[in-house]
Protein chains: 2
Amino acid sequence: MEAILSDRPSKEKMTIVRVAKAADVSVATASKALNNTGRMKQETRDRVKRIARELNFRPNALARSLVSRRSFAVGLLTNDTYGRFTLPVMAGISAGLIDQGVSVFLCSMDDNRELAQIHVDAMLERQVDGIIATGRRIDTPLPVDLSHLPIPVVYALTKGSDDAVTLLPDEKQGAREAVSHLVAIGRRRIAHITGPASFQVVSDRAGAYAQVLQEAGLDVPQQGLLQGQWSELWGHEAVDRLWSAPGAKPDGLFCGNDQIARGAIDALRERGVDVPADVSVVGFDNWEIVAAQTRPPLTTIDMNLKELGRQAGLQLMRQVNGEAFEPGLIRLPCELVVRQSS
Amino acid sequence: MEAILSDRPSKEKMTIVRVAKAADVSVATASKALNNTGRMKQETRDRVKRIARELNFRPNALARSLVSRRSFAVGLLTNDTYGRFTLPVMAGISAGLIDQGVSVFLCSMDDNRELAQIHVDAMLERQVDGIIATGRRIDTPLPVDLSHLPIPVVYALTKGSDDAVTLLPDEKQGAREAVSHLVAIGRRRIAHITGPASFQVVSDRAGAYAQVLQEAGLDVPQQGLLQGQWSELWGHEAVDRLWSAPGAKPDGLFCGNDQIARGAIDALRERGVDVPADVSVVGFDNWEIVAAQTRPPLTTIDMNLKELGRQAGLQLMRQVNGEAFEPGLIRLPCELVVRQSS
DNA sequence: CTGAAAGCGCTTACAG
DNA sequence: CTGAAAGCGCTTACAG
């Protein structure tokens, strides 16, 4: 239209049209050059790319998605706004997907049904390629039904529908690692202090605990399986209970989480029982902030949540890309982290 | 390719064209009807809306954004993948923005410069309307410079550039609340056990602590300001130090975070000092999982992080909408939560 | 009160 | 090897 003012900064929107003009090719050619598609002289391709770079061209993802029918974006639904489990999972998802050029919409919805629906609708309108649902608890579903969406859905750390893939830590394997470790270092009277029976993970871990003992030819000590709260207080109380009972005391404790372990170790110290000399203690979660501050620092199980998030992202993209997949649970291995409490 | 099977459900993409056809109006009219713009018979508008609803029409946000030049999406950059502070802030941002129809891209980038740049580029290509940066520490910047972006940037809980708005909890006011509370309940020898001097918040809170004491005509006790770690261990050790010194012991403790308070209370209990009868203890953070499990439950300061996130979202949208704003720090009030430790 | 047309910024057959 | 044209799904002047 007008003569181009020489000092005008590149404030005008930089589009592929301008790149094409500057490179003296058609828009079609410019597009193909930049996307490494089509066929053309290598020289042309290089020139277009160079000029695009010089002009600071940034393709408009909106336009690109509109025509390619792929948004390269996914929705991440969560009802956990406080927990320590969700953040590493989310970070893993984000990290795993950005490598593929996929961005993640954060949808935080507490347990609000209505809000959840609003988020789902927003995601659909934004044409996300898929959805990852993550939550606070494995045995509690999100406040919205995702099973009839026109896009793939993957669940991480929360209960999903049966025809979908759900990623979870391998609780049993993790518990086995913990108890096997106690056995391996020579402990023979190993008690298990854990959370409320209503949690799925509690019975999973307790089952693995009993099984490892049996395989090692050991017994679950009298009153050796204590279910209570996920709290330090409960860990403390459980030790009081164990140590005030008659008979031989435990020489090993497998605790359902790091807080319980922390409380148990506190109680042992108050009783003058030495950890790890008299009793070895193993926790669960590897919640750094607790585990590393326990005196002595806590041996515990890491659930590799960031890796779990990454895998969830990859799973989803596989489905988005139409690859075959098998619905059901995928259990990812946990890892023993040895510190000084064992 | 193949003949279309007759029983195919309404899998065809539902677009505004189909809605318009069904309602027997032009696409332009359909658009205006659905967006409550333009002028037309109320009856027409209602009919279009009804039919759109019946047809389960979902406008394609990509197309809409492409023409309206507003994506109604923002980027959320964070380098905190584990902390307990960031998740509530993020939840607040998401909650505050979804009300305005704005979605949030999660960009998790650890402290990786390169990754950060990739995320920023992705956000720009996706035409986000603005960016919120949040981080682990108030006195540490993100690994990427956001000060010359063509879109507004707001900082929450992390150090931002001077020409931008940064939202932070009012640390001093929070500390004042804590110490004033101790004074109000009759405590006279109040010590302050806090974190490393290298943290900005440590000096902010310590300053407020000293000031409140002075205003109340009280002195900072000999050796009454103890700087150490953000840990239970340090809280424990600090109490040991205070109680093994000669002279009158403190009757009040203001702790720099809930973990320190937790450790201090543990130490007091081990010494047979009763909380709150002999000593009142106040923490900072209201980290439920620690504060509610301390014995006795901890009086502490809540930083209202979710509200802070919400405000950050609103601030950003105000800037996106071109409203005037004043660069600089916005301090949001903290809140005293009284439990049984005081 | 309603509609035809142009256009947002890109990609993709198709033709030359 | 390159380009003209159509189109993704919507909105917005503009005309009638």
# chains A, B, ... in the order shown; residues from 1 in each chain; ligands from 1
>>> calpha_fit_and_write(fixed="chain B", moving="chain A", output="JSON list (two decimals) with C-alpha atoms, in the first residue's frame")
[["chain", "number", "residue", "atom", "x", "y", "z"],
["A", 1, "MET", "CA", -23.07, -33.14, -1.51],
["A", 2, "GLU", "CA", -24.65, -36.41, -0.65],
["A", 3, "ALA", "CA", -27.98, -37.15, 0.75],
["A", 4, "ILE", "CA", -27.72, -37.10, 4.46],
["A", 5, "LEU", "CA", -27.91, -40.59, 5.80],
["A", 6, "SER", "CA", -30.52, -40.74, 8.42],
["A", 7, "ASP", "CA", -28.64, -42.93, 10.83],
["A", 8, "ARG", "CA", -25.34, -41.22, 10.45],
["A", 9, "PRO", "CA", -24.29, -40.11, 13.91],
["A", 10, "SER", "CA", -23.08, -36.61, 14.48],
["A", 11, "LYS", "CA", -19.53, -37.72, 13.87],
["A", 12, "GLU", "CA", -19.04, -35.15, 11.16],
["A", 13, "LYS", "CA", -17.38, -32.12, 12.54],
["A", 14, "MET", "CA", -20.04, -29.82, 13.80],
["A", 15, "THR", "CA", -19.30, -26.33, 12.54],
["A", 16, "ILE", "CA", -21.14, -23.10, 12.42],
["A", 17, "VAL", "CA", -21.87, -23.77, 8.76],
["A", 18, "ARG", "CA", -23.92, -26.79, 9.67],
["A", 19, "VAL", "CA", -25.67, -24.91, 12.42],
["A", 20, "ALA", "CA", -26.48, -22.11, 10.01],
["A", 21, "LYS", "CA", -27.87, -24.56, 7.48],
["A", 22, "ALA", "CA", -29.95, -26.32, 10.06],
["A", 23, "ALA", "CA", -31.33, -23.00, 11.28],
["A", 24, "ASP", "CA", -31.81, -21.81, 7.72],
["A", 25, "VAL", "CA", -29.83, -18.63, 8.18],
["A", 26, "SER", "CA", -26.50, -17.38, 6.90],
["A", 27, "VAL", "CA", -23.28, -18.15, 8.69],
["A", 28, "ALA", "CA", -22.97, -14.49, 9.55],
["A", 29, "THR", "CA", -26.33, -14.45, 11.23],
["A", 30, "ALA", "CA", -25.58, -17.65, 13.06],
["A", 31, "SER", "CA", -22.37, -16.17, 14.38],
["A", 32, "LYS", "CA", -24.08, -13.03, 15.54],
["A", 33, "ALA", "CA", -26.89, -14.98, 17.13],
["A", 34, "LEU", "CA", -24.54, -17.16, 19.12],
["A", 35, "ASN", "CA", -22.36, -14.29, 20.24],
["A", 36, "ASN", "CA", -25.21, -12.01, 21.15],
["A", 37, "THR", "CA", -23.91, -9.40, 18.74],
["A", 38, "GLY", "CA", -25.55, -7.66, 15.80],
["A", 39, "ARG", "CA", -29.28, -7.06, 15.57],
["A", 40, "MET", "CA", -31.89, -9.55, 14.64],
["A", 41, "LYS", "CA", -35.29, -10.79, 15.62],
["A", 42, "GLN", "CA", -35.14, -12.29, 19.06],
["A", 43, "GLU", "CA", -36.90, -15.28, 17.62],
["A", 44, "THR", "CA", -34.11, -15.86, 15.11],
["A", 45, "ARG", "CA", -31.47, -15.56, 17.79],
["A", 46, "ASP", "CA", -33.27, -18.00, 20.03],
["A", 47, "ARG", "CA", -33.83, -20.47, 17.23],
["A", 48, "VAL", "CA", -30.17, -20.46, 16.24],
["A", 49, "LYS", "CA", -29.10, -20.93, 19.83],
["A", 50, "ARG", "CA", -31.50, -23.75, 20.36],
["A", 51, "ILE", "CA", -30.42, -25.57, 17.25],
["A", 52, "ALA", "CA", -26.77, -25.08, 18.10],
["A", 53, "ARG", "CA", -27.42, -26.65, 21.45],
["A", 54, "GLU", "CA", -29.35, -29.51, 19.94],
["A", 55, "LEU", "CA", -26.58, -30.15, 17.47],
["A", 56, "ASN", "CA", -24.02, -30.03, 20.25],
["A", 57, "PHE", "CA", -22.17, -27.28, 18.49],
["A", 58, "ARG", "CA", -18.87, -26.27, 20.03],
["A", 59, "PRO", "CA", -17.23, -23.25, 18.45],
["A", 60, "ASN", "CA", -13.66, -23.83, 17.41],
["A", 61, "ALA", "CA", -11.64, -21.59, 19.68],
["A", 62, "LEU", "CA", -8.70, -21.67, 17.30],
["A", 63, "ALA", "CA", -10.68, -20.14, 14.48],
["A", 64, "ARG", "CA", -12.33, -17.68, 16.76],
["A", 65, "SER", "CA", -9.02, -16.53, 18.21],
["A", 66, "LEU", "CA", -7.44, -16.26, 14.82],
["A", 67, "VAL", "CA", -9.87, -13.62, 13.75],
["A", 68, "SER", "CA", -10.54, -11.93, 17.05],
["A", 69, "ARG", "CA", -6.82, -11.63, 17.75],
["A", 70, "ARG", "CA", -7.43, -12.70, 21.30],
["A", 71, "SER", "CA", -6.58, -16.20, 22.39],
["A", 72, "PHE", "CA", -8.12, -15.95, 25.84],
["A", 73, "ALA", "CA", -5.19, -17.99, 27.00],
["A", 74, "VAL", "CA", -2.29, -17.03, 29.20],
["A", 75, "GLY", "CA", 1.02, -18.66, 30.01],
["A", 76, "LEU", "CA", 1.97, -19.62, 33.53],
["A", 77, "LEU", "CA", 5.72, -19.90, 33.99],
["A", 78, "THR", "CA", 7.10, -21.53, 37.09],
["A", 79, "ASN", "CA", 10.43, -22.87, 38.22],
["A", 80, "ASP", "CA", 8.98, -24.57, 41.23],
["A", 81, "THR", "CA", 8.28, -28.23, 40.68],
["A", 82, "TYR", "CA", 8.05, -29.32, 44.23],
["A", 83, "GLY", "CA", 7.23, -26.49, 46.53],
["A", 84, "ARG", "CA", 4.13, -26.20, 48.56],
["A", 85, "PHE", "CA", 3.73, -22.52, 47.78],
["A", 86, "THR", "CA", 3.30, -22.65, 44.07],
["A", 87, "LEU", "CA", 0.48, -25.14, 43.72],
["A", 88, "PRO", "CA", -2.11, -23.05, 45.59],
["A", 89, "VAL", "CA", -1.05, -20.00, 43.63],
["A", 90, "MET", "CA", -1.50, -21.87, 40.37],
["A", 91, "ALA", "CA", -4.86, -23.19, 41.46],
["A", 92, "GLY", "CA", -5.94, -19.65, 42.28],
["A", 93, "ILE", "CA", -4.81, -18.37, 38.92],
["A", 94, "SER", "CA", -6.65, -21.11, 37.09],
["A", 95, "ALA", "CA", -9.80, -20.62, 39.13],
["A", 96, "GLY", "CA", -9.75, -16.85, 38.75],
["A", 97, "LEU", "CA", -9.30, -16.96, 35.01],
["A", 98, "ILE", "CA", -11.64, -19.72, 33.98],
["A", 99, "ASP", "CA", -14.47, -17.50, 35.11],
["A", 100, "GLN", "CA", -13.48, -15.11, 32.37],
["A", 101, "GLY", "CA", -13.17, -17.86, 29.80],
["A", 102, "VAL", "CA", -9.40, -17.72, 29.96],
["A", 103, "SER", "CA", -7.32, -20.89, 29.94],
["A", 104, "VAL", "CA", -3.85, -21.28, 31.38],
["A", 105, "PHE", "CA", -0.80, -22.90, 29.81],
["A", 106, "LEU", "CA", 1.42, -24.56, 32.37],
["A", 107, "CYS", "CA", 5.12, -24.01, 31.70],
["A", 108, "SER", "CA", 7.33, -25.83, 34.14],
["A", 109, "MET", "CA", 10.97, -25.06, 33.61],
["A", 110, "ASP", "CA", 13.07, -25.80, 36.69],
["A", 111, "ASP", "CA", 15.96, -23.39, 36.52],
["A", 112, "ASN", "CA", 16.81, -24.24, 32.97],
["A", 113, "ARG", "CA", 17.42, -21.13, 30.88],
["A", 114, "GLU", "CA", 17.11, -22.91, 27.59],
["A", 115, "LEU", "CA", 13.90, -24.66, 28.52],
["A", 116, "ALA", "CA", 12.49, -21.41, 29.80],
["A", 117, "GLN", "CA", 13.13, -19.76, 26.47],
["A", 118, "ILE", "CA", 11.48, -22.62, 24.63],
["A", 119, "HIS", "CA", 8.39, -22.17, 26.75],
["A", 120, "VAL", "CA", 8.29, -18.44, 26.21],
["A", 121, "ASP", "CA", 8.61, -18.91, 22.47],
["A", 122, "ALA", "CA", 5.85, -21.51, 22.53],
["A", 123, "MET", "CA", 3.59, -19.12, 24.41],
["A", 124, "LEU", "CA", 4.24, -16.34, 21.93],
["A", 125, "GLU", "CA", 3.52, -18.61, 18.99],
["A", 126, "ARG", "CA", 0.32, -19.65, 20.65],
["A", 127, "GLN", "CA", -0.61, -16.00, 20.85],
["A", 128, "VAL", "CA", -1.23, -15.95, 24.57],
["A", 129, "ASP", "CA", -2.75, -12.71, 25.76],
["A", 130, "GLY", "CA", -0.32, -12.43, 28.66],
["A", 131, "ILE", "CA", 2.01, -14.26, 30.99],
["A", 132, "ILE", "CA", 2.09, -14.86, 34.72],
["A", 133, "ALA", "CA", 5.43, -15.76, 36.24],
["A", 134, "THR", "CA", 5.62, -17.50, 39.56],
["A", 135, "GLY", "CA", 8.48, -19.04, 41.43],
["A", 136, "ARG", "CA", 10.03, -20.50, 44.46],
["A", 137, "ARG", "CA", 11.41, -17.42, 46.03],
["A", 138, "ILE", "CA", 10.57, -13.79, 46.20],
["A", 139, "ASP", "CA", 14.17, -12.71, 45.95],
["A", 140, "THR", "CA", 15.21, -14.94, 43.09],
["A", 141, "PRO", "CA", 14.25, -14.17, 39.50],
["A", 142, "LEU", "CA", 13.11, -16.72, 36.95],
["A", 143, "PRO", "CA", 15.77, -18.03, 34.59],
["A", 144, "VAL", "CA", 14.49, -15.90, 31.74],
["A", 145, "ASP", "CA", 13.97, -12.21, 31.08],
["A", 146, "LEU", "CA", 10.32, -11.35, 30.47],
["A", 147, "SER", "CA", 10.64, -7.61, 30.45],
["A", 148, "HIS", "CA", 10.61, -6.99, 26.71],
["A", 149, "LEU", "CA", 7.74, -9.16, 25.62],
["A", 150, "PRO", "CA", 5.02, -7.71, 23.42],
["A", 151, "ILE", "CA", 2.40, -8.86, 25.92],
["A", 152, "PRO", "CA", 1.68, -8.01, 29.56],
["A", 153, "VAL", "CA", 3.49, -9.93, 32.27],
["A", 154, "VAL", "CA", 2.51, -10.18, 35.93],
["A", 155, "TYR", "CA", 4.67, -11.68, 38.64],
["A", 156, "ALA", "CA", 3.44, -13.62, 41.62],
["A", 157, "LEU", "CA", 5.66, -14.78, 44.43],
["A", 158, "THR", "CA", 8.80, -14.14, 42.44],
["A", 159, "LYS", "CA", 10.99, -11.21, 41.59],
["A", 160, "GLY", "CA", 9.77, -9.29, 38.57],
["A", 161, "SER", "CA", 10.98, -6.35, 36.54],
["A", 162, "ASP", "CA", 10.38, -2.87, 37.89],
["A", 163, "ASP", "CA", 7.91, -1.81, 35.24],
["A", 164, "ALA", "CA", 5.60, -4.70, 35.96],
["A", 165, "VAL", "CA", 3.11, -5.58, 38.66],
["A", 166, "THR", "CA", 4.34, -8.06, 41.25],
["A", 167, "LEU", "CA", 2.00, -9.67, 43.77],
["A", 168, "LEU", "CA", 3.32, -10.78, 47.12],
["A", 169, "PRO", "CA", 1.96, -11.64, 50.51],
["A", 170, "ASP", "CA", 2.30, -8.78, 52.97],
["A", 171, "GLU", "CA", 5.03, -10.41, 55.03],
["A", 172, "LYS", "CA", 5.35, -7.56, 57.44],
["A", 173, "GLN", "CA", 1.66, -7.33, 58.13],
["A", 174, "GLY", "CA", 1.58, -11.08, 58.62],
["A", 175, "ALA", "CA", 4.45, -10.93, 61.06],
["A", 176, "ARG", "CA", 2.76, -8.08, 62.87],
["A", 177, "GLU", "CA", -0.38, -10.13, 63.25],
["A", 178, "ALA", "CA", 1.60, -12.97, 64.73],
["A", 179, "VAL", "CA", 3.52, -10.91, 67.25],
["A", 180, "SER", "CA", 0.57, -8.70, 68.13],
["A", 181, "HIS", "CA", -1.37, -11.84, 68.89],
["A", 182, "LEU", "CA", 1.34, -13.00, 71.30],
["A", 183, "VAL", "CA", 1.37, -9.60, 72.95],
["A", 184, "ALA", "CA", -2.40, -9.54, 73.15],
["A", 185, "ILE", "CA", -2.55, -12.80, 75.03],
["A", 186, "GLY", "CA", -0.13, -11.42, 77.58],
["A", 187, "ARG", "CA", 3.26, -12.67, 76.45],
["A", 188, "ARG", "CA", 6.13, -10.38, 77.38],
["A", 189, "ARG", "CA", 9.37, -12.16, 76.49],
["A", 190, "ILE", "CA", 8.88, -13.04, 72.85],
["A", 191, "ALA", "CA", 11.69, -14.57, 70.81],
["A", 192, "HIS", "CA", 11.80, -14.94, 67.03],
["A", 193, "ILE", "CA", 13.26, -18.08, 65.49],
["A", 194, "THR", "CA", 13.55, -17.76, 61.76],
["A", 195, "GLY", "CA", 15.31, -18.81, 58.56],
["A", 196, "PRO", "CA", 18.52, -17.78, 56.82],
["A", 197, "ALA", "CA", 19.36, -14.08, 56.76],
["A", 198, "SER", "CA", 19.81, -14.31, 53.01],
["A", 199, "PHE", "CA", 16.03, -14.45, 52.53],
["A", 200, "GLN", "CA", 14.25, -11.17, 52.02],
["A", 201, "VAL", "CA", 11.30, -12.40, 54.03],
["A", 202, "VAL", "CA", 13.50, -13.07, 57.01],
["A", 203, "SER", "CA", 14.47, -9.46, 57.45],
["A", 204, "ASP", "CA", 10.96, -8.26, 56.61],
["A", 205, "ARG", "CA", 9.44, -10.40, 59.30],
["A", 206, "ALA", "CA", 12.20, -9.74, 61.81],
["A", 207, "GLY", "CA", 11.74, -6.01, 61.30],
["A", 208, "ALA", "CA", 8.01, -6.21, 61.92],
["A", 209, "TYR", "CA", 8.63, -8.36, 64.96],
["A", 210, "ALA", "CA", 10.97, -5.82, 66.52],
["A", 211, "GLN", "CA", 8.65, -2.98, 65.69],
["A", 212, "VAL", "CA", 5.60, -4.54, 67.31],
["A", 213, "LEU", "CA", 7.58, -5.26, 70.45],
["A", 214, "GLN", "CA", 8.78, -1.70, 70.57],
["A", 215, "GLU", "CA", 5.29, -0.33, 70.05],
["A", 216, "ALA", "CA", 4.14, -2.51, 72.95],
["A", 217, "GLY", "CA", 6.92, -1.20, 75.14],
["A", 218, "LEU", "CA", 8.65, -4.57, 75.15],
["A", 219, "ASP", "CA", 12.26, -5.46, 74.42],
["A", 220, "VAL", "CA", 13.64, -8.01, 72.08],
["A", 221, "PRO", "CA", 14.98, -10.51, 74.61],
["A", 222, "GLN", "CA", 18.72, -11.03, 74.89],
["A", 223, "GLN", "CA", 19.64, -13.38, 72.02],
["A", 224, "GLY", "CA", 15.97, -13.35, 71.15],
["A", 225, "LEU", "CA", 16.35, -13.13, 67.38],
["A", 226, "LEU", "CA", 17.68, -16.39, 66.03],
["A", 227, "GLN", "CA", 18.36, -16.86, 62.33],
["A", 228, "GLY", "CA", 19.11, -20.35, 61.04],
["A", 229, "GLN", "CA", 17.46, -22.80, 58.68],
["A", 230, "TRP", "CA", 13.87, -23.37, 57.52],
["A", 231, "SER", "CA", 13.86, -26.68, 59.34],
["A", 232, "GLU", "CA", 12.44, -28.49, 62.30],
["A", 233, "LEU", "CA", 15.97, -29.30, 63.31],
["A", 234, "TRP", "CA", 16.76, -25.63, 63.59],
["A", 235, "GLY", "CA", 13.63, -24.93, 65.57],
["A", 236, "HIS", "CA", 14.65, -27.65, 67.96],
["A", 237, "GLU", "CA", 18.19, -26.38, 68.27],
["A", 238, "ALA", "CA", 17.11, -22.79, 68.72],
["A", 239, "VAL", "CA", 14.96, -23.73, 71.68],
["A", 240, "ASP", "CA", 17.87, -25.65, 73.17],
["A", 241, "ARG", "CA", 19.97, -22.56, 72.79],
["A", 242, "LEU", "CA", 17.37, -20.26, 74.33],
["A", 243, "TRP", "CA", 16.64, -22.51, 77.24],
["A", 244, "SER", "CA", 20.25, -23.30, 78.10],
["A", 245, "ALA", "CA", 21.15, -19.63, 78.28],
["A", 246, "PRO", "CA", 21.09, -18.01, 81.71],
["A", 247, "GLY", "CA", 18.25, -15.71, 82.74],
["A", 248, "ALA", "CA", 14.53, -15.63, 82.13],
["A", 249, "LYS", "CA", 13.20, -17.85, 79.38],
["A", 250, "PRO", "CA", 10.86, -16.68, 76.65],
["A", 251, "ASP", "CA", 7.13, -17.04, 77.17],
["A", 252, "GLY", "CA", 6.33, -16.58, 73.50],
["A", 253, "LEU", "CA", 7.89, -17.78, 70.26],
["A", 254, "PHE", "CA", 7.24, -16.38, 66.83],
["A", 255, "CYS", "CA", 8.65, -18.86, 64.32],
["A", 256, "GLY", "CA", 9.58, -18.11, 60.71],
["A", 257, "ASN", "CA", 7.72, -21.09, 59.35],
["A", 258, "ASP", "CA", 5.61, -23.97, 60.54],
["A", 259, "GLN", "CA", 8.43, -26.46, 60.42],
["A", 260, "ILE", "CA", 10.58, -24.38, 62.71],
["A", 261, "ALA", "CA", 7.59, -24.04, 65.02],
["A", 262, "ARG", "CA", 7.08, -27.76, 64.90],
["A", 263, "GLY", "CA", 10.71, -28.39, 65.90],
["A", 264, "ALA", "CA", 10.52, -25.78, 68.63],
["A", 265, "ILE", "CA", 7.40, -27.31, 70.12],
["A", 266, "ASP", "CA", 9.02, -30.75, 70.02],
["A", 267, "ALA", "CA", 12.00, -29.39, 71.89],
["A", 268, "LEU", "CA", 9.82, -27.67, 74.45],
["A", 269, "ARG", "CA", 7.92, -30.85, 75.08],
["A", 270, "GLU", "CA", 11.13, -32.78, 75.53],
["A", 271, "ARG", "CA", 12.14, -30.21, 78.13],
["A", 272, "GLY", "CA", 8.84, -30.50, 79.92],
["A", 273, "VAL", "CA", 7.79, -26.99, 78.98],
["A", 274, "ASP", "CA", 4.07, -26.82, 78.35],
["A", 275, "VAL", "CA", 2.64, -25.28, 75.20],
["A", 276, "PRO", "CA", 0.61, -23.10, 75.45],
["A", 277, "ALA", "CA", 0.53, -22.88, 79.25],
["A", 278, "ASP", "CA", 4.17, -21.88, 79.72],
["A", 279, "VAL", "CA", 5.02, -20.74, 76.22],
["A", 280, "SER", "CA", 2.84, -19.67, 73.30],
["A", 281, "VAL", "CA", 4.07, -20.53, 69.83],
["A", 282, "VAL", "CA", 3.03, -19.01, 66.50],
["A", 283, "GLY", "CA", 4.26, -20.27, 63.14],
["A", 284, "PHE", "CA", 4.07, -18.96, 59.59],
["A", 285, "ASP", "CA", 2.64, -20.46, 56.36],
["A", 286, "ASN", "CA", -0.34, -22.39, 57.68],
["A", 287, "TRP", "CA", 1.00, -25.40, 55.95],
["A", 288, "GLU", "CA", -1.92, -27.62, 56.91],
["A", 289, "ILE", "CA", 0.01, -30.81, 56.85],
["A", 290, "VAL", "CA", 2.48, -29.53, 59.41],
["A", 291, "ALA", "CA", 0.37, -27.05, 61.32],
["A", 292, "ALA", "CA", -2.54, -29.34, 61.95],
["A", 293, "GLN", "CA", -0.34, -32.22, 63.04],
["A", 294, "THR", "CA", 1.81, -30.40, 65.51],
["A", 295, "ARG", "CA", 0.99, -31.26, 69.11],
["A", 296, "PRO", "CA", -0.76, -29.04, 70.03],
["A", 297, "PRO", "CA", -2.06, -27.83, 66.66],
["A", 298, "LEU", "CA", -0.26, -24.72, 65.59],
["A", 299, "THR", "CA", -1.42, -21.15, 65.58],
["A", 300, "THR", "CA", 0.07, -19.68, 62.43],
["A", 301, "ILE", "CA", -0.14, -17.14, 59.63],
["A", 302, "ASP", "CA", -1.89, -17.97, 56.36],
["A", 303, "MET", "CA", -0.57, -16.17, 53.29],
["A", 304, "ASN", "CA", -3.78, -16.66, 51.29],
["A", 305, "LEU", "CA", -1.86, -17.93, 48.34],
["A", 306, "LYS", "CA", -4.86, -19.08, 46.38],
["A", 307, "GLU", "CA", -6.35, -15.62, 46.61],
["A", 308, "LEU", "CA", -3.02, -14.21, 45.58],
["A", 309, "GLY", "CA", -3.10, -16.37, 42.48],
["A", 310, "ARG", "CA", -6.61, -15.24, 41.70],
["A", 311, "GLN", "CA", -5.63, -11.61, 42.02],
["A", 312, "ALA", "CA", -2.64, -12.17, 39.78],
["A", 313, "GLY", "CA", -4.93, -13.53, 37.11],
["A", 314, "LEU", "CA", -7.30, -10.59, 37.41],
["A", 315, "GLN", "CA", -4.44, -8.11, 37.32],
["A", 316, "LEU", "CA", -3.12, -9.64, 34.16],
["A", 317, "MET", "CA", -6.47, -9.58, 32.41],
["A", 318, "ARG", "CA", -6.92, -5.95, 33.34],
["A", 319, "GLN", "CA", -3.68, -5.19, 31.57],
["A", 320, "VAL", "CA", -4.65, -7.37, 28.64],
["A", 321, "ASN", "CA", -7.84, -5.38, 28.35],
["A", 322, "GLY", "CA", -5.83, -2.21, 28.21],
["A", 323, "GLU", "CA", -6.90, -0.84, 31.55],
["A", 324, "ALA", "CA", -4.48, 1.45, 33.33],
["A", 325, "PHE", "CA", -2.28, -0.06, 35.98],
["A", 326, "GLU", "CA", 0.44, 1.00, 38.31],
["A", 327, "PRO", "CA", 3.68, -0.96, 38.13],
["A", 328, "GLY", "CA", 5.17, -2.11, 41.38],
["A", 329, "LEU", "CA", 4.53, -4.37, 44.33],
["A", 330, "ILE", "CA", 1.06, -5.27, 45.48],
["A", 331, "ARG", "CA", 1.05, -6.73, 48.95],
["A", 332, "LEU", "CA", -1.90, -8.93, 49.84],
["A", 333, "PRO", "CA", -2.89, -9.34, 53.47],
["A", 334, "CYS", "CA", -2.01, -12.41, 55.50],
["A", 335, "GLU", "CA", -4.32, -13.86, 58.07],
["A", 336, "LEU", "CA", -3.85, -15.17, 61.59],
["A", 337, "VAL", "CA", -5.17, -18.69, 62.13],
["A", 338, "VAL", "CA", -5.54, -19.43, 65.81],
["A", 339, "ARG", "CA", -5.18, -23.02, 66.99],
["A", 340, "GLN", "CA", -4.09, -24.43, 70.31],
["A", 341, "SER", "CA", -0.43, -23.52, 70.52],
["A", 342, "SER", "CA", -1.11, -19.99, 71.72]]
>>> interface_residues(of="chain C", to="chain A", cutoff="9 Å", atoms="only C-alpha atoms (C1' of nucleotides)", output="CSV table (one decimal) with N, CA and C atoms (P, O5', C5', C4', C3', O3' and C1' of nucleotides), in the first residue's frame")
chain,number,residue,atom,x,y,z
C,8,DC,P,-6.7,-9.9,6.6
C,8,DC,O5',-6.4,-10.6,8.1
C,8,DC,C5',-7.1,-10.2,9.2
C,8,DC,C4',-7.1,-11.3,10.2
C,8,DC,C3',-5.9,-12.3,10.0
C,8,DC,O3',-4.9,-11.9,10.9
C,8,DC,C1',-8.0,-13.5,10.3
C,9,DG,P,-3.4,-11.5,10.3
C,9,DG,O5',-2.8,-12.9,10.2
C,9,DG,C5',-2.6,-13.8,11.3
C,9,DG,C4',-2.3,-15.2,10.9
C,9,DG,C3',-1.1,-15.3,9.9
C,9,DG,O3',-0.3,-16.3,10.5
C,9,DG,C1',-2.9,-16.4,9.0
C,10,DC,P,1.1,-16.6,9.8
C,10,DC,O5',0.8,-18.0,9.0
C,10,DC,C5',0.9,-19.2,9.6
C,10,DC,C4',-0.2,-20.2,9.2
C,10,DC,C3',0.3,-21.2,8.1
C,10,DC,O3',0.8,-22.3,8.8
C,10,DC,C1',-2.0,-20.4,7.7
C,11,DT,P,1.7,-23.3,7.9
C,11,DT,O5',0.6,-24.2,7.2
C,11,DT,C5',-0.3,-25.0,8.0
C,11,DT,C4',-1.2,-25.8,7.0
C,11,DT,C3',-0.4,-26.7,6.1
C,11,DT,O3',-1.2,-27.9,6.1
C,11,DT,C1',-1.8,-25.3,4.8
C,12,DT,P,-0.6,-29.3,5.6
C,12,DT,O5',-1.6,-29.8,4.5
C,12,DT,C5',-2.9,-29.2,4.4
C,12,DT,C4',-3.5,-29.4,3.1
C,12,DT,C3',-2.7,-30.4,2.2
C,12,DT,O3',-3.6,-31.0,1.3
C,12,DT,C1',-2.7,-28.3,1.1
>>> select_by_dssp(residues="segment 42-225 of chain A", states="alpha helix (DSSP H)", output="ChimeraX atom specification")
/A:42-54,61-68,86-98,113-125,171-184,200-215
>>> select_by_dssp(residues="segment 251-286 of chain B", states="strand (DSSP E or B)", output="VMD selection string")
chain B and resid 252 to 255 280 to 282
